[in-house]
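Before any comments, here is the structure.
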Amino acid sequence: MSWRKILDNHTSTGDRLTPEEAVILYRDAPLQSIRRAANARRIQMNGNEEVTYLIDRNINYTNVCTINCQFCSFYRPPGHEENYTQTVEEISQRVKELEQIGGSRILMQGGVNPELGIDFYTDLIKSLRKLHPSIDLDCFSPIEIEGISEVTGISTLDVLEILKGSGMHGLPGGGAEMLVDDVRKNVSPKKGSPANWLKVMAEAQSLGLITSATNVFGFGESIGDRIEHMRRVRKLQDESLSQYGNGFTSFVAWPVQLENNVYGRRNRGRNRLELGAGPSEYLRHIAISRLFFDNIDHIQASWPTMGLSVAQMALLGGADDAGSTMMEENVVSASGTEKISASENELQDVIVRAGFKPRRRNSRYELLETPSPNTNLEDLAAPPPSQF
Ligand code: SF4
């Protein structure tokens, strides 16, 4: 079937795209056609007036890791002189700085550190819960949960239950990258399998934890691989929503960063142009994801890797959320991204200039009281003075 017929049919009926249809659209459809369709779908699902954002802080509590992902410039192996693990006091100080700017959650992730037992994690979460009761604690990723399980001999489900009991609010979707066995084996041979990532996420959702689905692409994988990643996420979402009434809040995709890491160095040269993704490929990915995920409410624009201008364009082609302030970030930035923090003003400015009203949210996507933006679209769009 042609891309045009698929898109016309999908637009008029709203029928779910099959993976085969999504591959044809991704490969053949003009960018503007899928962006227009994705924008229409975003309006159906989220309206056309507001774009949300989150005031949060990333905290990377340890850089010790045994997984050695080839695209990662952040981790250091056990025994390395640059190792660090932050104390409760150091982390609490960072949370205080977040509280001072009106933040509502921390996203705390780190390496798979074999030196840390379950007590480290429960003490940390309990202390932060007590010291900062208004801040949501979205912490760790499925591979860290697997690591804790291996070190302690406690099942991943029980680890999650213990952490939830200590005050953990959500399990962020880090470490998904590409949920396709061959691609994952090539870039992260020691990382848990795609099936494991999905299993730990399903367990988190069964416990009512807040979760999101991520996707790093641009490892040289095929379009079919990219759609296979989305298919697996969509399938789990169907299952979790029907079984637990709880699933991924959002889908967040960004291209792999290739500076300062083994993967970038190894592939520099003849393959280099095929790796990562430029703005148009990223916008295509975002538009296809909006069309494909009829069961995930929110699609996030990723400014840390693509820049605020491209993220702004994503808001007009399927995305309805501008991400978060982050305040600091050490994992993606170690691979070459320079901008690792955005102020609330900057996010609001991007949103207003795209033609939307900015709205603060929390990590459950509940709307919060929002300060008025400094940027006023009416001023920007004012007609030129009469003397001109
Ligand atoms: S991406 Fe995460 S799991 Fe992989 S090496 Fe880096 S810190 Fe470790």
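In the structure tokens, the first chain shown is A, the next is B, and so on; residue numbers restart at 1 for each chain, and ligands run from 1 in the order shown.
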What residues have any atom no more than 9 Å from ligand 1 when counting only C-alpha atoms and all ligand atoms, and can you list them as a compact mmCIF listing (two decimals) with N, CA and C atoms, in the first residue's frame?
# COMPACT_ATOMS: atom_id res chain seq x y z
N THR A 62 25.56 8.27 41.36
CA THR A 62 26.85 7.55 41.29
C THR A 62 27.23 7.36 39.83
N ASN A 63 28.55 7.42 39.55
CA ASN A 63 28.99 7.16 38.17
C ASN A 63 29.67 5.80 38.06
N VAL A 64 29.65 5.02 39.14
CA VAL A 64 30.28 3.69 39.09
C VAL A 64 29.32 2.75 38.36
N CYS A 65 29.84 2.04 37.37
CA CYS A 65 28.96 1.16 36.59
C CYS A 65 29.77 0.03 35.97
N THR A 66 29.15 -1.13 35.90
CA THR A 66 29.83 -2.31 35.35
C THR A 66 29.28 -2.71 33.98
N ILE A 67 28.39 -1.89 33.42
CA ILE A 67 27.69 -2.32 32.20
C ILE A 67 28.43 -1.93 30.92
N ASN A 68 29.20 -0.85 30.97
CA ASN A 68 30.08 -0.45 29.84
C ASN A 68 29.34 -0.23 28.52
N CYS A 69 28.23 0.45 28.51
CA CYS A 69 27.55 0.73 27.24
C CYS A 69 28.50 1.55 26.35
N GLN A 70 28.58 1.22 25.09
CA GLN A 70 29.59 1.84 24.23
C GLN A 70 29.30 3.31 23.93
N PHE A 71 28.05 3.72 24.09
CA PHE A 71 27.71 5.11 23.79
C PHE A 71 27.78 5.99 25.04
N CYS A 72 28.22 5.41 26.18
CA CYS A 72 28.17 6.13 27.45
C CYS A 72 29.54 6.69 27.82
N SER A 73 29.61 8.00 28.02
CA SER A 73 30.86 8.63 28.45
C SER A 73 30.81 9.00 29.91
N PHE A 74 29.75 8.66 30.58
CA PHE A 74 29.52 9.09 31.95
C PHE A 74 30.11 8.12 32.98
N TYR A 75 30.00 6.84 32.74
CA TYR A 75 30.32 5.88 33.79
C TYR A 75 31.83 5.73 33.98
N ARG A 76 32.21 5.25 35.17
CA ARG A 76 33.59 4.85 35.45
C ARG A 76 33.52 3.46 36.09
N PRO A 77 34.42 2.55 35.74
CA PRO A 77 34.36 1.20 36.31
C PRO A 77 34.76 1.21 37.79
N GLN A 109 19.13 9.10 38.69
CA GLN A 109 19.60 7.87 38.07
C GLN A 109 21.11 7.82 38.14
N GLY A 110 21.67 6.63 38.07
CA GLY A 110 23.12 6.49 38.11
C GLY A 110 23.55 5.21 37.44
N GLY A 111 24.80 4.83 37.72
CA GLY A 111 25.31 3.60 37.13
C GLY A 111 24.85 2.36 37.92
N VAL A 112 25.22 1.20 37.41
CA VAL A 112 24.92 -0.06 38.12
C VAL A 112 26.13 -0.32 39.01
N ASN A 113 26.00 0.11 40.26
CA ASN A 113 27.14 0.14 41.18
C ASN A 113 27.09 -1.09 42.10
N SER A 141 16.50 3.22 37.09
CA SER A 141 16.01 2.74 35.80
C SER A 141 15.97 1.22 35.89
N ILE A 143 17.61 -1.10 34.54
CA ILE A 143 18.91 -1.80 34.66
C ILE A 143 19.49 -1.62 36.07
N GLU A 144 19.22 -0.47 36.70
CA GLU A 144 19.68 -0.31 38.09
C GLU A 144 18.90 -1.25 39.02
N GLY A 174 14.72 5.33 31.72
CA GLY A 174 16.08 5.30 31.19
C GLY A 174 16.53 3.90 30.84
N GLY A 175 17.48 3.83 29.91
CA GLY A 175 18.10 2.55 29.58
C GLY A 175 17.35 1.72 28.57
N SER A 188 25.29 -2.41 23.69
CA SER A 188 25.34 -2.61 25.15
C SER A 188 25.25 -4.11 25.46
N LYS A 190 26.36 -5.99 27.65
CA LYS A 190 26.19 -6.44 29.04
C LYS A 190 24.92 -5.91 29.70
N LYS A 191 24.16 -5.13 28.93
CA LYS A 191 22.94 -4.57 29.52
C LYS A 191 21.83 -5.62 29.50
N VAL A 331 24.83 12.48 32.13
CA VAL A 331 24.97 11.27 31.33
C VAL A 331 25.02 11.62 29.85
N VAL A 332 23.93 12.24 29.34
CA VAL A 332 23.92 12.63 27.93
C VAL A 332 24.99 13.70 27.68
Write out as CSV a residue-level contact list of stretch 94-180 of chain A versus stretch 354-378 of chain A with cut-off 12 Å: for each qualifying residue the closest pair of atoms and the distance in Å to one decimal, counting only C-alpha atoms, rows sorted by chain and residue number upward.
residue,atom,partner,partner_atom,distance
A:Ile101,CA,A:Pro371,CA,11.6
A:Gly102,CA,A:Thr370,CA,10.1
A:Gly103,CA,A:Asn362,CA,8.8
A:Ser104,CA,A:Asn362,CA,6.1
A:Arg105,CA,A:Ser363,CA,7.1
A:Ile106,CA,A:Ser363,CA,9.5
A:Leu107,CA,A:Ser363,CA,9.7
A:Ser134,CA,A:Asn362,CA,11.1
A:Ile135,CA,A:Asn362,CA,9.7
A:Asp136,CA,A:Ser363,CA,7.8
A:Leu137,CA,A:Ser363,CA,9.6
A:Asp138,CA,A:Ser363,CA,8.3
A:Cys139,CA,A:Ser363,CA,11.9
A:His169,CA,A:Ser363,CA,9.4
A:Gly170,CA,A:Ser363,CA,8.6
A:Leu171,CA,A:Ser363,CA,10.8
A:Pro172,CA,A:Ser363,CA,9.9
Inset, instruction - Name all residues at most 9 Å from A:Val151 (count only C-alpha atoms; drop same-chain ones fewer than 4 positions away) and give them as a list of chain:residue names. - result: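 The residues satisfying every condition are A:Pro114, A:Glu115, A:Leu116, A:Gly117, A:Ile118, A:Glu146, A:Gly147.
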Writing out the chosen residues with N, CA, C and O atoms as a CSV table (one decimal), in the first residue's frame:
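Okay, this is what ended up in again_4.csv:
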chain,number,residue,atom,x,y,z
A,114,PRO,N,28.0,-2.0,41.9
A,114,PRO,CA,27.9,-3.3,42.7
A,114,PRO,C,28.3,-3.1,44.2
A,114,PRO,O,28.1,-4.0,45.0
A,115,GLU,N,28.8,-1.9,44.5
A,115,GLU,CA,29.2,-1.7,45.9
A,115,GLU,C,28.0,-1.2,46.8
A,115,GLU,O,28.2,-1.1,48.0
A,116,LEU,N,26.9,-1.0,46.2
A,116,LEU,CA,25.7,-0.4,47.0
A,116,LEU,C,24.7,-1.5,47.2
A,116,LEU,O,24.2,-2.1,46.3
A,117,GLY,N,24.4,-1.8,48.5
A,117,GLY,CA,23.4,-2.7,48.8
A,117,GLY,C,22.0,-2.0,48.9
A,117,GLY,O,21.9,-0.8,48.8
A,118,ILE,N,21.0,-2.8,49.3
A,118,ILE,CA,19.6,-2.3,49.3
A,118,ILE,C,19.5,-1.2,50.4
A,118,ILE,O,18.7,-0.2,50.2
A,146,GLU,N,17.7,-4.1,38.2
A,146,GLU,CA,18.3,-5.4,37.9
A,146,GLU,C,19.6,-5.6,38.7
A,146,GLU,O,19.9,-6.7,39.2
A,147,GLY,N,20.4,-4.5,38.7
A,147,GLY,CA,21.7,-4.5,39.4
A,147,GLY,C,21.5,-4.8,40.9
A,147,GLY,O,22.2,-5.6,41.5
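Among A:Lys235, A:Val180, A:Trp254, A:Glu274, the residue with the shortest atom-to-atom distance to A:Val216, counting only C-alpha atoms, is A:Trp254.
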Inset, instruction - Measuring atom to atom with only C-alpha atoms, identify which of A:Ala38, A:Leu124, A:Leu347, A:Leu258 is nearest to A:Ile299. - result: A:Ala38
Legend entry - Selected residue of minimal separation from A:Arg290 among A:Leu209, A:Ile91, A:Ala37, A:Val23, counting only C-alpha atoms: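 Among A:Leu209, A:Ile91, A:Ala37, A:Val23, it is A:Ala37 that comes nearest to A:Arg290.
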Name all residues at most 9 Å from A:Gln237 (count only C-alpha atoms; drop same-chain ones fewer than 4 positions away) and give them as a compact mmCIF listing (two decimals) with all heavy atoms, in the first residue's frame.
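Writing the result to selection07.txt gives the following:
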# COMPACT_ATOMS: atom_id res chain seq x y z
N ALA A 202 6.87 -3.44 33.57
CA ALA A 202 5.54 -4.02 33.85
C ALA A 202 5.37 -4.18 35.36
O ALA A 202 4.29 -3.90 35.91
CB ALA A 202 5.38 -5.36 33.13
N ARG A 232 6.90 -2.79 20.72
CA ARG A 232 7.02 -3.47 22.01
C ARG A 232 6.52 -2.59 23.15
O ARG A 232 5.89 -3.05 24.08
CB ARG A 232 8.48 -3.90 22.24
CG ARG A 232 8.95 -4.92 21.22
CD ARG A 232 10.30 -5.49 21.52
NE ARG A 232 10.18 -6.60 22.48
CZ ARG A 232 11.15 -7.45 22.74
NH1 ARG A 232 12.31 -7.33 22.13
NH2 ARG A 232 10.99 -8.42 23.61
N VAL A 233 6.81 -1.28 23.04
CA VAL A 233 6.32 -0.36 24.07
C VAL A 233 4.79 -0.28 24.02
O VAL A 233 4.11 -0.33 25.06
CB VAL A 233 6.95 1.05 23.87
CG1 VAL A 233 6.28 2.08 24.77
CG2 VAL A 233 8.46 1.01 24.14
N LEU A 241 -2.26 -1.18 30.87
CA LEU A 241 -3.49 -0.40 31.06
C LEU A 241 -4.66 -1.33 31.36
O LEU A 241 -5.48 -1.04 32.22
CB LEU A 241 -3.79 0.46 29.83
CG LEU A 241 -2.87 1.68 29.61
CD1 LEU A 241 -3.24 2.41 28.33
CD2 LEU A 241 -2.90 2.64 30.80
N SER A 242 -4.73 -2.48 30.64
CA SER A 242 -5.89 -3.34 30.89
C SER A 242 -5.74 -4.09 32.21
O SER A 242 -6.73 -4.33 32.91
CB SER A 242 -6.10 -4.30 29.71
OG SER A 242 -5.22 -5.37 29.79
N ASN A 246 -2.64 1.32 34.77
CA ASN A 246 -1.48 2.20 34.95
C ASN A 246 -0.46 1.87 33.87
O ASN A 246 -0.15 0.69 33.66
CB ASN A 246 -0.86 1.98 36.34
CG ASN A 246 0.36 2.87 36.60
OD1 ASN A 246 0.38 4.03 36.17
ND2 ASN A 246 1.36 2.33 37.27
N GLY A 247 0.02 2.89 33.17
CA GLY A 247 1.01 2.63 32.12
C GLY A 247 1.95 3.81 31.97
O GLY A 247 2.04 4.66 32.85
N PHE A 248 2.66 3.86 30.85
CA PHE A 248 3.59 4.95 30.60
C PHE A 248 2.83 6.27 30.47
O PHE A 248 1.83 6.35 29.76
CB PHE A 248 4.36 4.71 29.31
CG PHE A 248 5.22 3.47 29.31
CD1 PHE A 248 4.93 2.41 28.47
CD2 PHE A 248 6.30 3.36 30.17
CE1 PHE A 248 5.72 1.27 28.46
CE2 PHE A 248 7.09 2.21 30.18
CZ PHE A 248 6.80 1.17 29.32
N ASN A 295 -2.16 4.80 22.51
CA ASN A 295 -2.44 4.47 23.91
C ASN A 295 -1.49 5.17 24.90
O ASN A 295 -1.50 4.85 26.09
CB ASN A 295 -2.42 2.95 24.12
CG ASN A 295 -1.09 2.33 23.70
OD1 ASN A 295 -0.18 3.04 23.27
ND2 ASN A 295 -0.98 1.02 23.82
N ILE A 296 -0.63 6.06 24.41
CA ILE A 296 0.22 6.86 25.31
C ILE A 296 -0.17 8.33 25.11
O ILE A 296 -0.15 8.84 23.99
CB ILE A 296 1.72 6.66 25.02
CG1 ILE A 296 2.11 5.20 25.32
CG2 ILE A 296 2.57 7.62 25.85
CD1 ILE A 296 3.57 4.88 25.13
Inset, instruction - Find the distance between atom CA of A:Gly220 and atom CA of A:Asn39 and write it in Å to one decimal. - result: 27.6 Å
Inset, instruction - Mind the document's chain letters and residue numbers, and return as a VMD selection string the residues of stretch 138-338 of chain A that DSSP labels alpha helix (DSSP H). - result: chain A and resid 142 to 152 156 to 166 181 to 187 194 to 206 223 to 244 262 to 267 279 to 292 303 to 306 308 to 314
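Candidate residues A:Phe140, A:Phe292, A:Phe219, A:Tyr61 were compared for distance to A:Lys185, and the nearest is A:Phe219, using only C-alpha atoms.
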Inset, instruction - Rounded to one decimal place, report the atom CA of A:Gln312-atom CA of A:Phe217 distance in Å. - result: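 Spanning atom CA of A:Gln312 to atom CA of A:Phe217 is a straight-line distance of 19.8 Å.
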Inset, instruction - Write out as JSON, numbers by chain each polymer residue whose atoms come within 12 Å of A:His285, counting only C-alpha atoms; drop sequence neighbours fewer than 2 positions from it. - result: {"A": [22, 23, 25, 26, 27, 31, 34, 35, 38, 215, 216, 217, 218, 223, 226, 227, 229, 230, 251, 252, 253, 254, 255, 277, 278, 279, 280, 281, 282, 283, 287, 288, 289, 290, 291, 292, 299, 300, 301, 302, 314, 317, 318, 319]}
